[in-house]
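Visitor: First, the structure itself, so that you have it in front of you.
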2 protein chains.
Amino acid sequence: MLKSDLRITKTKQALEEALLTLLQEKPLKSISITEICRLAKINRGTFYLHYGQIEDLFEEYYKEIMKDLTDSYQEPYRHADILNTKKLNPSTIRIFHHIETYKNFYRIVFSRTVPMSYYYLLFNQVQDLLKRDMELKLKSSVDPAMLSAYQANAILGLIIEWGRNDFQQPAEDMNLLLVRILNIQIESRG
Amino acid sequence: MLKSDLRITKTKQALEEALLTLLQEKPLKSISITEICRLAKINRGTFYLHYGQIEDLFEEYYKEIMKDLTDSYQEPYRHADILNTKKLNPSTIRIFHHIETYKNFYRIVFSRTVPMSYYYLLFNQVQDLLKRDMELKLKSSVDPAMLSAYQANAILGLIIEWGRNDFQQPAEDMNLLLVRILNIQIESRG
DNA sequence: TTTTTTATTGAACATTTGTCTAATAAAAAG
DNA sequence: CTTTTTATTAGACAAATGTTCAATAAAAAA
């Protein structure tokens, strides 16, 4: 038995394409299931066969972008197995470029009416990526899950603020900003 | 003219009470407007006169709790006008106790199906509170909005992870954890 | 190819949503 | 207390939701 029927693939593709088309003209919140199915020429019952709500369909598209995030994050590791940890989170730094590339998408992710699950998809991804660096400097008794949650969400905080400025600053400036913030935290205890 | 009609107050109270009752037996997501109105004995049209969706009703309840957060946060300031900044974020520290007190509420706030707006309500509140401390140590060229966004969301990251453990750890442990994490960030660059 | 499996369809259904009326009742203002 | 203002109501409406069914068509397996 095959992992997925061709008909399923075709149906899902049609639905995703329809959603993406509709997203270009109106906000996610105002798009109905009926509308997507009408455009995709898919029976509404078929939609419910694969998804429970529009958000589930969007999440599938979301995962493609998370794949790119992981790839761009891991790029610095392709040449060196272990990065110089003296440099300020050198690997973290690619995340801002990734967000900038997909800012139309992230405007949706960070919008008020969207479900928290989108935030978690991003949060979990960044947290997982950070854990790789974590192991290196882990002499402390702090729970790695807690530490990575702290750092991952701190960065998401910057991104939210960035998004509030409609991603005006270049990604490179955000990198510098992150470095400066980390320095402040050191100075203030000197 | 008075700020609000008695009828409005009564209606809103009835709706909030109905929502809170329903929340004890089922998740927010599965509660319908029709259901709330039926229980509150309020005409459905009246609901739409005050709110656009269930989430708006929940947000009104949310704001009561945000009031308590602000109060408990500002408690350390009641006796001293300026806190010793050498101590690790002494004022921040009350937030974990607040969350613990209202953990049934925060389980909803951090649940996957809820809209991002709930997250923003909390994020904005914590960010505002942090800005008070911020001014003291602000010699750097970093945008205060960015810095407070970073720190506020970092703490929310800890709370999310805490929530994943269903708030098992005592709030006091979370305080210690926060102190340890801040120390790690210093050590790792010595 | 033929057979078997199963995804999709159209149609129907009860329910909820969001919006709108004119009638009513409650509160505020005089 | 009387008048004025306005919040609430019941009812109706088109649309969307969520679910179910037997019939059909497409894909996988033989």
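Lettering and numbering for the structure tokens are positional, with chains as A, B, ... in the shown order, residues counted from 1 in each chain, and ligands counted from 1 in the shown order.
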Would you superpose chain A on chain B, least squares on all C-alpha atoms in order, and hand back the fitted chain as a compact mmCIF listing (two decimals) with C-alpha atoms, in the first residue's frame?
Guide:
```txt
# COMPACT_ATOMS: atom_id res chain seq x y z
CA MET A 1 -25.16 61.39 30.08
CA LEU A 2 -23.76 58.47 32.01
CA LYS A 3 -20.82 56.41 30.81
CA SER A 4 -22.88 53.23 30.62
CA ASP A 5 -26.49 52.22 30.81
CA LEU A 6 -27.50 49.90 33.66
CA ARG A 7 -29.05 47.57 31.13
CA ILE A 8 -25.71 47.21 29.35
CA THR A 9 -23.94 46.41 32.60
CA LYS A 10 -26.52 43.81 33.46
CA THR A 11 -26.36 42.21 30.03
CA LYS A 12 -22.58 42.04 30.03
CA GLN A 13 -22.50 40.57 33.52
CA ALA A 14 -24.98 37.88 32.56
CA LEU A 15 -22.97 36.98 29.45
CA GLU A 16 -19.65 36.87 31.29
CA GLU A 17 -21.12 34.72 34.02
CA ALA A 18 -22.58 32.33 31.47
CA LEU A 19 -19.25 32.06 29.65
CA LEU A 20 -17.36 31.36 32.86
CA THR A 21 -19.86 28.69 33.80
CA LEU A 22 -19.56 27.00 30.42
CA LEU A 23 -15.76 27.20 30.56
CA GLN A 24 -15.80 24.94 33.59
CA GLU A 25 -17.36 22.09 31.67
CA LYS A 26 -16.02 22.45 28.13
CA PRO A 27 -13.24 24.17 26.13
CA LEU A 28 -13.76 27.69 24.79
CA LYS A 29 -13.59 26.40 21.24
CA SER A 30 -16.70 24.28 21.57
CA ILE A 31 -18.88 26.96 23.15
CA SER A 32 -21.33 28.66 20.81
CA ILE A 33 -22.78 32.13 20.98
CA THR A 34 -26.24 30.65 20.90
CA GLU A 35 -25.37 28.54 23.94
CA ILE A 36 -24.05 31.45 25.98
CA CYS A 37 -27.12 33.55 25.21
CA ARG A 38 -29.46 30.71 26.08
CA LEU A 39 -27.79 30.28 29.48
CA ALA A 40 -27.55 34.01 30.13
CA LYS A 41 -31.14 34.53 29.03
CA ILE A 42 -30.00 37.27 26.69
CA ASN A 43 -31.22 37.66 23.14
CA ARG A 44 -28.64 36.60 20.59
CA GLY A 45 -29.06 39.89 18.78
CA THR A 46 -28.06 41.67 21.98
CA PHE A 47 -24.82 39.72 22.07
CA TYR A 48 -23.90 41.06 18.65
CA LEU A 49 -24.78 44.54 19.87
CA HIS A 50 -21.82 44.41 22.26
CA TYR A 51 -19.47 41.78 20.87
CA GLY A 52 -18.51 40.43 17.50
CA GLN A 53 -17.48 37.01 18.72
CA ILE A 54 -17.04 34.94 21.86
CA GLU A 55 -13.39 35.91 22.00
CA ASP A 56 -14.32 39.56 22.56
CA LEU A 57 -16.35 38.57 25.59
CA PHE A 58 -13.46 36.55 26.94
CA GLU A 59 -11.12 39.50 26.42
CA GLU A 60 -13.23 41.60 28.75
CA TYR A 61 -12.74 39.04 31.50
CA TYR A 62 -9.07 38.91 30.52
CA LYS A 63 -8.63 42.58 31.32
CA GLU A 64 -9.71 42.06 34.92
CA ILE A 65 -6.88 39.58 35.34
CA MET A 66 -4.39 41.91 33.65
CA LYS A 67 -5.31 44.41 36.32
CA ASP A 68 -4.21 41.95 38.99
CA LEU A 69 -0.98 41.29 37.12
CA THR A 70 -0.14 44.98 37.12
CA ASP A 71 -0.97 45.32 40.79
CA SER A 72 1.14 42.36 41.87
CA TYR A 73 3.98 43.51 39.66
CA GLN A 74 4.00 46.98 41.10
CA GLU A 75 3.82 45.78 44.68
CA PRO A 76 7.64 45.98 45.23
CA TYR A 77 7.49 49.64 44.20
CA ARG A 78 5.05 50.55 46.94
CA HIS A 79 7.80 51.01 49.52
CA ALA A 80 10.81 51.96 47.44
CA ASP A 81 10.64 54.34 44.54
CA ILE A 82 13.64 52.88 42.78
CA LEU A 83 14.67 49.29 43.15
CA ASN A 84 18.22 48.04 43.45
CA THR A 85 18.98 47.01 39.89
CA LYS A 86 21.90 44.88 40.99
CA LYS A 87 19.38 42.34 42.18
CA LEU A 88 18.12 40.26 39.29
CA ASN A 89 14.85 41.76 38.06
CA PRO A 90 13.32 41.73 41.52
CA SER A 91 10.05 43.15 40.29
CA THR A 92 9.70 40.79 37.35
CA ILE A 93 9.76 37.97 39.80
CA ARG A 94 6.14 38.39 40.98
CA ILE A 95 4.81 37.41 37.59
CA PHE A 96 5.26 33.70 38.24
CA HIS A 97 3.16 33.87 41.38
CA HIS A 98 0.46 35.68 39.50
CA ILE A 99 0.40 33.02 36.77
CA GLU A 100 0.29 30.28 39.37
CA THR A 101 -2.72 31.88 41.03
CA TYR A 102 -4.65 32.06 37.78
CA LYS A 103 -3.34 28.92 36.13
CA ASN A 104 -6.78 27.69 35.10
CA PHE A 105 -7.17 30.90 33.20
CA TYR A 106 -3.70 30.76 31.64
CA ARG A 107 -4.20 27.22 30.48
CA ILE A 108 -6.80 28.72 28.17
CA VAL A 109 -4.65 31.70 27.19
CA PHE A 110 -1.81 29.45 26.09
CA SER A 111 -3.95 26.81 24.41
CA ARG A 112 -3.50 26.21 20.69
CA THR A 113 -6.96 27.06 19.44
CA VAL A 114 -7.25 30.45 21.10
CA PRO A 115 -6.53 33.60 19.03
CA MET A 116 -3.15 35.33 19.15
CA SER A 117 -4.84 38.43 20.59
CA TYR A 118 -4.80 36.81 24.04
CA TYR A 119 -1.05 36.42 23.80
CA TYR A 120 -0.68 40.06 22.84
CA LEU A 121 -2.73 41.22 25.81
CA LEU A 122 -0.25 39.50 28.09
CA PHE A 123 2.80 40.40 26.06
CA ASN A 124 1.91 44.11 25.93
CA GLN A 125 1.21 44.18 29.63
CA VAL A 126 4.52 42.59 30.60
CA GLN A 127 6.36 44.75 28.10
CA ASP A 128 4.86 47.90 29.59
CA LEU A 129 5.75 46.82 33.10
CA LEU A 130 9.34 46.10 32.11
CA LYS A 131 9.73 49.54 30.58
CA ARG A 132 9.64 51.00 34.06
CA ASP A 133 12.87 49.22 35.00
CA MET A 134 14.27 49.85 31.57
CA GLU A 135 14.66 53.57 31.97
CA LEU A 136 17.08 53.05 34.82
CA LYS A 137 19.74 51.19 32.92
CA LEU A 138 19.19 52.85 29.62
CA LYS A 139 22.52 54.22 28.57
CA SER A 140 22.74 52.01 25.49
CA SER A 141 21.59 52.95 22.01
CA VAL A 142 19.11 50.09 21.88
CA ASP A 143 15.48 50.95 21.14
CA PRO A 144 13.60 50.51 24.47
CA ALA A 145 10.64 48.97 22.66
CA MET A 146 12.89 46.30 21.19
CA LEU A 147 14.70 45.64 24.45
CA SER A 148 11.52 45.31 26.47
CA ALA A 149 9.95 43.17 23.74
CA TYR A 150 12.95 40.87 23.95
CA GLN A 151 12.84 40.53 27.70
CA ALA A 152 9.08 40.36 28.04
CA ASN A 153 8.77 37.60 25.50
CA ALA A 154 11.72 35.71 26.95
CA ILE A 155 9.78 35.47 30.21
CA LEU A 156 6.64 34.43 28.34
CA GLY A 157 8.76 31.68 26.80
CA LEU A 158 9.53 30.38 30.26
CA ILE A 159 5.85 30.55 31.13
CA ILE A 160 4.88 28.62 28.01
CA GLU A 161 7.36 25.90 28.87
CA TRP A 162 6.07 25.96 32.43
CA GLY A 163 2.54 25.58 31.10
CA ARG A 164 3.63 22.58 29.05
CA ASN A 165 4.58 20.98 32.34
CA ASP A 166 1.10 21.97 33.49
CA PHE A 167 2.64 24.44 35.96
CA GLN A 168 4.14 21.63 38.03
CA GLN A 169 7.10 23.58 39.40
CA PRO A 170 6.35 26.03 42.22
CA ALA A 171 6.55 29.71 41.28
CA GLU A 172 9.55 30.06 43.56
CA ASP A 173 11.48 27.52 41.48
CA MET A 174 10.69 29.53 38.37
CA ASN A 175 12.21 32.58 39.99
CA LEU A 176 15.41 30.68 40.71
CA LEU A 177 15.42 29.35 37.17
CA LEU A 178 15.19 32.83 35.72
CA VAL A 179 18.09 33.98 37.86
CA ARG A 180 20.18 31.01 36.75
CA ILE A 181 19.43 31.60 33.08
CA LEU A 182 20.51 35.21 33.32
CA ASN A 183 23.71 34.05 34.96
CA ILE A 184 24.45 31.57 32.19
CA GLN A 185 24.27 34.29 29.62
CA ILE A 186 26.94 36.17 31.54
CA GLU A 187 29.26 33.23 32.19
CA SER A 188 29.23 32.06 28.60
CA ARG A 189 31.00 35.26 27.54
CA GLY A 190 33.43 35.60 30.44
```
Visitor: Starting from chain C, keep only residues with some atom at most 9 Å from an atom of chain A, counting only C-alpha atoms (C1' of nucleotides), and report them as a PyMOL selection string.
Guide: chain C and resi 7-10
Visitor: Pick out the chain D residues within 8 Å of chain B. Count only C-alpha atoms (C1' of nucleotides). Give them as an MDAnalysis selection string.
Guide: chainID D and resid 7:9
Visitor: Kindly export the residues of the current selection with C-alpha atoms (C1' of nucleotides), as a PDB file, in the first residue's frame.
Guide:
```
ATOM      1  C1'  DA D   7     -31.201  48.804  25.290  1.00  0.00           C
ATOM      2  C1'  DT D   8     -33.414  44.616  24.685  1.00  0.00           C
ATOM      3  C1'  DT D   9     -36.453  41.523  22.424  1.00  0.00           C
TER       4       DT D   9
END
```
Visitor: If I take atom C1' of DA15 of chain D and atom C1' of DA11 of chain C, how far is one from the other in Å, to one decimal?
Guide: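 One can read the atom C1' of DA15 of chain D to atom C1' of DA11 of chain C distance as 17.5 Å.
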Visitor: Using only C-alpha atoms (C1' of nucleotides), determine which residues lie at most 12 Å from DA14 of chain C, disregarding the query and same-chain residues fewer than 6 positions distant; provide the list as JSON, numbers by chain.
Guide: {"D": [17, 18, 19, 20]}
